[in-house]
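**Student:** File name structure.cif; file contents mmCIF, C-alpha atoms; full text below.
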```cif
data_model
loop_
_atom_site.label_atom_id
_atom_site.label_comp_id
_atom_site.auth_asym_id
_atom_site.auth_seq_id
_atom_site.Cartn_x
_atom_site.Cartn_y
_atom_site.Cartn_z
CA MET A 1 46.89 139.43 35.75
CA GLN A 2 48.44 141.93 33.31
CA ALA A 3 46.67 144.67 31.38
CA PHE A 4 47.32 146.41 28.07
CA ASN A 5 48.67 149.93 28.48
CA PRO A 6 47.58 152.07 25.49
CA LYS A 7 50.39 154.56 26.16
CA THR A 8 53.13 151.98 25.77
CA GLN A 9 51.14 149.58 23.58
CA GLN A 10 52.32 146.72 25.76
CA LEU A 11 50.96 144.28 28.31
CA GLU A 12 52.18 145.40 31.72
CA ASP A 13 52.00 144.39 35.34
CA VAL A 14 49.37 146.37 37.21
CA VAL A 15 48.19 146.85 40.77
CA TRP A 16 44.56 145.94 41.40
CA SER A 17 42.44 147.78 43.95
CA VAL A 18 38.83 148.60 44.83
CA ASP A 19 37.60 152.19 45.05
CA ARG A 20 34.93 153.56 47.38
CA ASP A 21 32.20 152.78 44.85
CA ASN A 22 33.32 149.12 44.73
CA GLU A 23 34.62 149.61 41.21
CA ILE A 24 37.70 147.56 40.33
CA VAL A 25 40.72 149.66 39.45
CA CYS A 26 43.91 148.55 37.76
CA THR A 27 46.80 150.98 37.97
CA PHE A 28 49.86 150.86 35.73
CA ALA A 29 53.39 151.74 36.86
CA ASP A 30 53.00 155.20 35.26
CA ASP A 31 49.88 155.85 37.44
CA HIS A 32 47.51 155.52 34.47
CA PHE A 33 44.44 153.57 35.57
CA LEU A 34 41.40 151.75 34.23
CA LYS A 35 38.12 151.22 36.07
CA PHE A 36 35.75 148.32 35.77
CA PRO A 37 32.17 148.23 37.08
CA ALA A 38 31.30 147.14 40.58
CA GLY A 39 30.28 143.50 40.66
CA THR A 40 32.50 142.44 37.76
CA THR A 41 33.47 138.76 38.07
CA LYS A 42 36.89 137.35 37.25
CA ALA A 43 35.59 135.85 33.99
CA GLU A 44 33.97 139.15 33.00
CA LEU A 45 37.15 141.01 33.89
CA LYS A 46 39.15 138.75 31.57
CA GLU A 47 36.70 139.50 28.75
CA LEU A 48 36.80 143.24 29.43
CA LEU A 49 40.61 143.24 29.47
CA ALA A 50 40.66 141.35 26.17
CA ALA A 51 38.20 143.85 24.66
CA HIS A 52 40.29 146.71 26.04
CA LYS A 53 43.39 145.38 24.30
CA VAL A 54 41.62 144.96 20.95
CA ALA A 55 40.02 148.41 21.19
CA ASN A 56 43.26 150.23 21.98
CA LYS A 57 45.92 148.40 20.01
CA GLY A 58 47.39 150.60 17.29
CA GLN A 59 46.90 154.00 18.92
CA GLU A 60 49.59 156.39 17.70
CA ILE A 61 50.31 158.43 20.81
CA ILE A 62 51.08 162.15 20.53
CA THR A 63 53.32 163.02 23.49
CA PRO A 64 53.45 166.49 25.09
CA GLU A 65 57.00 166.78 23.66
CA MET A 66 55.64 166.17 20.17
CA GLU A 67 52.95 168.82 20.74
CA GLU A 68 55.59 171.33 21.91
CA LYS A 69 57.71 170.61 18.85
CA ALA A 70 54.73 171.09 16.54
CA ALA A 71 53.81 174.37 18.28
CA ALA A 72 57.39 175.63 17.91
CA GLN A 73 57.36 174.69 14.23
CA ARG A 74 54.12 176.60 13.72
CA THR A 75 55.46 179.72 15.46
CA ALA A 76 58.64 179.63 13.37
CA ALA A 77 56.66 179.11 10.17
CA GLU A 78 54.29 182.00 10.99
CA GLU A 79 57.25 184.29 11.70
CA LEU A 80 58.88 183.28 8.44
CA THR A 81 55.75 183.85 6.35
CA ALA A 82 55.19 187.23 8.05
CA GLU A 83 58.75 188.18 7.12
CA LEU A 84 58.28 186.99 3.54
CA ASN A 85 55.12 189.09 3.33
CA GLY A 86 57.07 192.17 4.41
CA ASN A 87 55.50 192.46 7.81
CA THR A 88 58.80 192.65 9.67
CA MET A 89 58.41 195.69 11.87
CA PRO A 90 58.16 194.70 15.56
CA GLN A 91 54.92 195.82 17.16
CA GLU A 92 56.65 198.21 19.59
CA ASP A 93 58.30 200.08 16.71
CA LYS A 94 54.94 200.83 15.15
CA THR A 95 53.94 202.86 18.20
CA ASP A 96 57.27 204.63 18.48
CA VAL A 97 57.14 206.69 15.29
CA PRO A 98 58.42 210.32 15.38
CA ASP A 99 55.84 213.05 15.81
CA TYR A 100 54.84 214.73 12.56
CA HIS A 101 54.46 218.52 12.69
CA PRO A 102 53.34 219.95 9.37
CA VAL A 103 54.45 223.54 8.76
CA MET B 1 27.75 174.61 -1.12
CA ALA B 2 28.81 172.56 1.86
CA ALA B 3 27.38 170.45 4.59
CA THR B 4 26.36 172.20 7.79
CA PHE B 5 27.72 170.45 10.86
CA GLU B 6 26.82 170.64 14.52
CA PHE B 7 27.38 168.48 17.57
CA GLN B 8 24.25 167.34 19.34
CA ARG B 9 23.74 165.50 22.63
CA ASP B 10 21.13 163.17 24.04
CA THR B 11 20.35 163.38 27.75
CA GLY B 12 17.84 161.91 30.15
CA THR B 13 16.24 158.54 30.60
CA GLN B 14 16.63 156.08 27.75
CA THR B 15 13.53 155.77 25.63
CA GLY B 16 12.32 153.97 22.53
CA THR B 17 13.73 151.16 20.43
CA PRO B 18 16.55 151.47 19.53
CA THR B 19 17.17 153.46 22.68
CA LYS B 20 17.88 157.18 22.65
CA GLY B 21 17.79 160.01 25.18
CA THR B 22 14.63 161.79 26.26
CA THR B 23 16.05 165.17 25.26
CA ARG B 24 18.12 166.08 22.20
CA SER B 25 20.09 169.35 22.23
CA THR B 26 22.62 171.13 20.05
CA THR B 27 25.87 171.69 21.96
CA THR B 28 29.00 173.76 21.59
CA ASP B 29 30.95 172.37 24.53
CA THR B 30 31.74 169.08 26.19
CA ASN B 31 32.29 169.51 29.90
CA TRP B 32 32.30 166.31 31.90
CA LYS B 33 30.38 166.79 35.14
CA ASN B 34 28.52 165.06 37.93
CA SER B 35 25.17 165.59 36.25
CA ASP B 36 23.22 164.57 33.16
CA THR B 37 21.22 167.78 33.08
CA PHE B 38 22.16 169.58 29.88
CA ALA B 39 21.84 173.10 31.26
CA THR B 40 23.75 172.49 34.49
CA ALA B 41 27.12 174.24 34.44
CA TYR B 42 30.06 171.92 35.10
CA SER B 43 31.16 174.27 37.89
CA ALA B 44 27.87 173.54 39.65
CA ALA B 45 28.31 169.77 39.36
CA PRO B 46 31.98 169.01 40.01
CA ILE B 47 33.29 165.46 39.96
CA THR B 48 34.73 164.49 43.33
CA ALA B 49 38.20 162.98 42.98
CA GLY B 50 37.78 159.22 42.81
CA ASN B 51 34.37 159.39 41.13
CA ASN B 52 33.36 159.35 37.47
CA SER B 53 31.47 161.83 35.35
CA PHE B 54 28.10 161.01 33.88
CA GLU B 55 28.55 159.75 30.33
CA ILE B 56 28.21 162.37 27.60
CA TRP B 57 26.24 161.07 24.59
CA ASN B 58 27.35 163.42 21.82
CA PHE B 59 26.96 162.78 18.10
CA GLY B 60 27.43 164.63 14.83
CA HIS B 61 24.55 166.06 12.78
CA PHE B 62 24.93 167.00 9.10
CA SER B 63 22.51 169.09 7.08
CA GLY B 64 22.86 171.75 4.40
CA THR B 65 24.07 170.72 0.97
CA PHE B 66 26.17 167.63 0.35
CA ASN B 67 26.20 164.48 -1.71
CA GLU B 68 27.91 162.13 0.67
CA ILE B 69 29.52 161.93 4.14
CA SER B 70 32.18 159.28 4.68
CA ALA B 71 35.47 158.19 6.29
CA GLY B 72 34.57 159.12 9.87
CA LEU B 73 37.20 158.98 12.63
CA PHE B 74 36.98 160.13 16.26
CA ALA B 75 39.85 160.64 18.71
CA HIS B 76 41.41 162.77 21.43
CA THR B 77 44.02 164.59 19.35
CA ALA B 78 45.63 167.32 21.46
CA THR B 79 46.65 168.21 25.02
CA ALA B 80 47.32 165.69 27.74
CA PHE B 81 45.11 165.13 30.78
CA GLY B 82 46.68 165.49 34.21
CA THR B 83 47.36 162.71 36.70
CA GLY B 84 44.38 160.83 38.06
CA LEU B 85 42.20 161.22 34.97
CA THR B 86 41.17 158.55 32.47
CA LEU B 87 38.88 159.30 29.55
CA LYS B 88 36.92 156.35 28.19
CA GLY B 89 35.17 156.48 24.84
CA THR B 90 32.97 154.78 22.33
CA PRO B 91 34.31 151.67 20.55
CA ALA B 92 34.95 151.71 16.83
CA CYS B 93 31.85 151.40 14.67
CA THR B 94 32.77 149.18 11.76
CA GLY B 95 29.35 147.62 11.24
CA ASP B 96 25.77 148.60 11.92
CA GLY B 97 25.67 146.16 14.83
CA ASP B 98 28.67 147.83 16.47
CA ARG B 99 26.96 151.11 17.18
CA LEU B 100 26.73 151.93 20.86
CA LEU B 101 23.15 151.89 22.18
CA TYR B 102 22.07 154.70 24.49
CA THR B 103 21.71 153.95 28.16
CA THR B 104 20.54 156.38 30.81
CA PRO B 105 23.66 158.32 31.85
CA SER B 106 25.13 157.58 35.25
CA ALA B 107 28.36 158.08 37.16
CA SER B 108 29.12 154.35 37.29
CA ALA B 109 32.03 153.10 35.19
CA ASN B 110 30.60 152.17 31.78
CA ALA B 111 32.21 148.93 30.62
CA ASN B 112 30.93 149.43 27.08
CA LEU B 113 33.29 152.37 26.62
CA THR B 114 36.27 150.20 25.75
CA VAL B 115 38.47 152.81 24.10
CA ASP B 116 41.00 154.53 26.32
CA MET B 117 41.02 158.17 25.11
CA THR B 118 43.27 159.52 27.85
CA SER B 119 46.29 160.16 25.63
CA ALA B 120 46.24 162.38 22.56
CA ILE B 121 46.70 160.27 19.45
CA SER B 122 46.88 160.86 15.72
CA ILE B 123 43.42 161.08 14.20
CA ALA B 124 44.44 158.39 11.74
CA SER B 125 44.50 155.92 14.63
CA GLY B 126 41.15 157.07 16.00
CA VAL B 127 38.04 154.90 16.11
CA ALA B 128 35.92 154.45 13.01
CA VAL B 129 32.61 156.34 12.91
CA PHE B 130 29.58 155.32 10.85
CA PHE B 131 26.76 157.49 9.52
CA GLY B 132 23.03 157.06 9.07
CA ALA B 133 19.62 158.64 8.77
CA THR B 134 17.09 159.54 11.49
CA GLY B 135 19.47 159.68 14.47
CA PRO B 136 22.55 158.22 16.16
CA GLU B 137 20.46 155.41 17.59
CA ALA B 138 18.90 154.28 14.32
CA THR B 139 19.79 151.12 12.45
CA GLY B 140 21.30 151.30 8.98
CA LYS B 141 24.63 152.87 9.89
CA ALA B 142 27.30 152.64 7.18
CA ALA B 143 30.76 154.01 6.43
CA THR B 144 29.31 156.20 3.68
CA MET B 145 25.93 157.91 3.77
CA THR B 146 24.00 160.06 1.31
CA THR B 147 20.87 160.76 3.35
CA ASN B 148 20.25 164.34 4.43
CA PRO B 149 20.09 165.03 7.32
CA CYS B 150 22.71 162.55 8.39
CA TYR B 151 23.96 161.50 11.83
CA THR B 152 27.01 159.75 13.27
CA ASN B 153 26.73 156.91 15.74
CA TYR B 154 26.97 158.02 19.39
CA LEU B 155 30.41 159.46 20.26
CA THR B 156 30.08 158.70 23.95
CA THR B 157 32.70 159.60 26.55
CA GLN B 158 33.10 159.36 30.32
CA LEU B 159 35.79 160.96 32.48
CA GLN B 160 36.93 158.67 35.27
CA THR B 161 39.04 159.95 38.15
CA SER B 162 41.17 158.60 40.95
CA ALA B 163 41.93 160.16 44.31
CA ALA B 164 45.08 161.60 42.69
CA ALA B 165 43.06 163.94 40.45
CA ALA B 166 43.86 167.59 41.07
CA ALA B 167 41.14 170.00 42.18
CA GLY B 168 39.85 172.52 39.66
CA ASP B 169 39.33 172.41 35.93
CA THR B 170 41.08 169.79 33.83
CA ALA B 171 43.23 170.80 30.90
CA THR B 172 41.19 171.77 27.85
CA VAL B 173 41.69 168.91 25.43
CA THR B 174 40.78 168.54 21.78
CA LEU B 175 38.48 165.75 20.63
CA THR B 176 38.34 165.54 16.85
CA LEU B 177 35.65 164.14 14.58
CA GLN B 178 37.13 163.87 11.09
CA TYR B 179 35.03 163.10 8.01
CA ASN B 180 34.96 163.56 4.28
CA GLU B 181 32.14 165.32 2.47
CA ASN B 182 31.49 165.78 -1.19
#
```
As structure tokens - that is how I would like this structure written.

**Tutor:**
Amino acid sequence: MQAFNPKTQQLEDVVWSVDRDNEIVCTFADDHFLKFPAGTTKAELKELLAAHKVANKGQEIITPEMEEKAAAQRTAAEELTAELNGNTMPQEDKTDVPDYHPV
Amino acid sequence: MAATFEFQRDTGTQTGTPTKGTTRSTTTDTNWKNSDTFATAYSAAPITAGNNSFEIWNFGHFSGTFNEISAGLFAHTATAFGTGLTLKGTPACTGDGDRLLYTTPSASANANLTVDMTSAISIASGVAVFFGATGPEATGKAATMTTNPCYTNYLTTQLQTSAAAAAGDTATVTLTLQYNEN
């Protein structure tokens, strides 16, 4: 029996197992897993898998790579706006000003 | 003026009709743990790898000044979980009859939490959230609500783990509740 993987948005082959609490576990090839309650029958499992597919179809996944790209864009944009606002002096330079000795 | 928002959480044995928790608290964090006691620190109730957390029955509470709350969406929107972790969440509420009814929290896998929230997704593809008066359990939920105070349906989550889950804290992830107010 296959299961719908929300990450790939596809039906995939899975490995079925039972955990120590007698819950039924299906594990995808990418190690993602779903748990179903102890005592679930085959008919109930089919219904739960169908409900799982309906509930998760259409998810627009944000990958870690996409998050890194967005973070880099934000950093670059913040640096640019700081420069445009005239705040261009590196922090270390601000503490390295010459001593001032009034006469 | 604007609406005042806070997350609240029901805990304890289910009570009443429609069911709700015995205790209702305002919360500023969501730490999945091996306990339903609100005040118990997650570090004092760790989830053993292979087990599940108790469900967390959070919901949104609106007060202050507003005309209308609408267009609710709920999703995990930033930062990936590590290996061996699956986050399950409340199904979409697209009708009053869809709202999740409170059950006494436990560490057993909750089959009613049909949405897989493990991966971060765009909030636009999150589950629909409805709003209503009295509390998250109450009937009369709708996509748009003018009552004040106003509540979302339950935004329930449960962290499930496998033996592959790493010891220690999970990554800190972002769960977003998006709504319009005017």

**Student:** Between B:Thr161, B:Thr172, B:Asn182, B:Thr146, which residue has the minimum interatomic distance to chain A, considering only C-alpha atoms?

**Tutor:**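 Closest candidate: B:Thr161.
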
**Student:** Which value, in Å to one decimal, gives the distance between CA of Phe59 in chain B and CA of Gly135 in chain B?

**Tutor:**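 We find that CA of Phe59 in chain B and CA of Gly135 in chain B lie 8.9 Å from each other.
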
**Student:** Return the single residue from A:Glu60, A:Glu83, A:Asp13, A:Asp30 that is closest to chain B, with distances computed using all atoms listed in the file.

**Tutor:**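 Once distances to chain B are computed over all atoms listed in the file, the minimum belongs to A:Glu60.
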
**Student:** Calculated over all atoms listed in the file, which of the candidates B:Gln158, B:Asn51, B:Gln178, B:Asn58 has the smallest distance to chain A?

**Tutor:**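 For chain A, the nearest of the given residues is B:Asn51.
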
**Student:** As an exercise, work out the distance from CA of Met1 in chain B to CA of Asp29 in chain B in Å and give it to one decimal place.

**Tutor:**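 About the pair CA of Met1 in chain B and CA of Asp29 in chain B: they are 25.9 Å apart.
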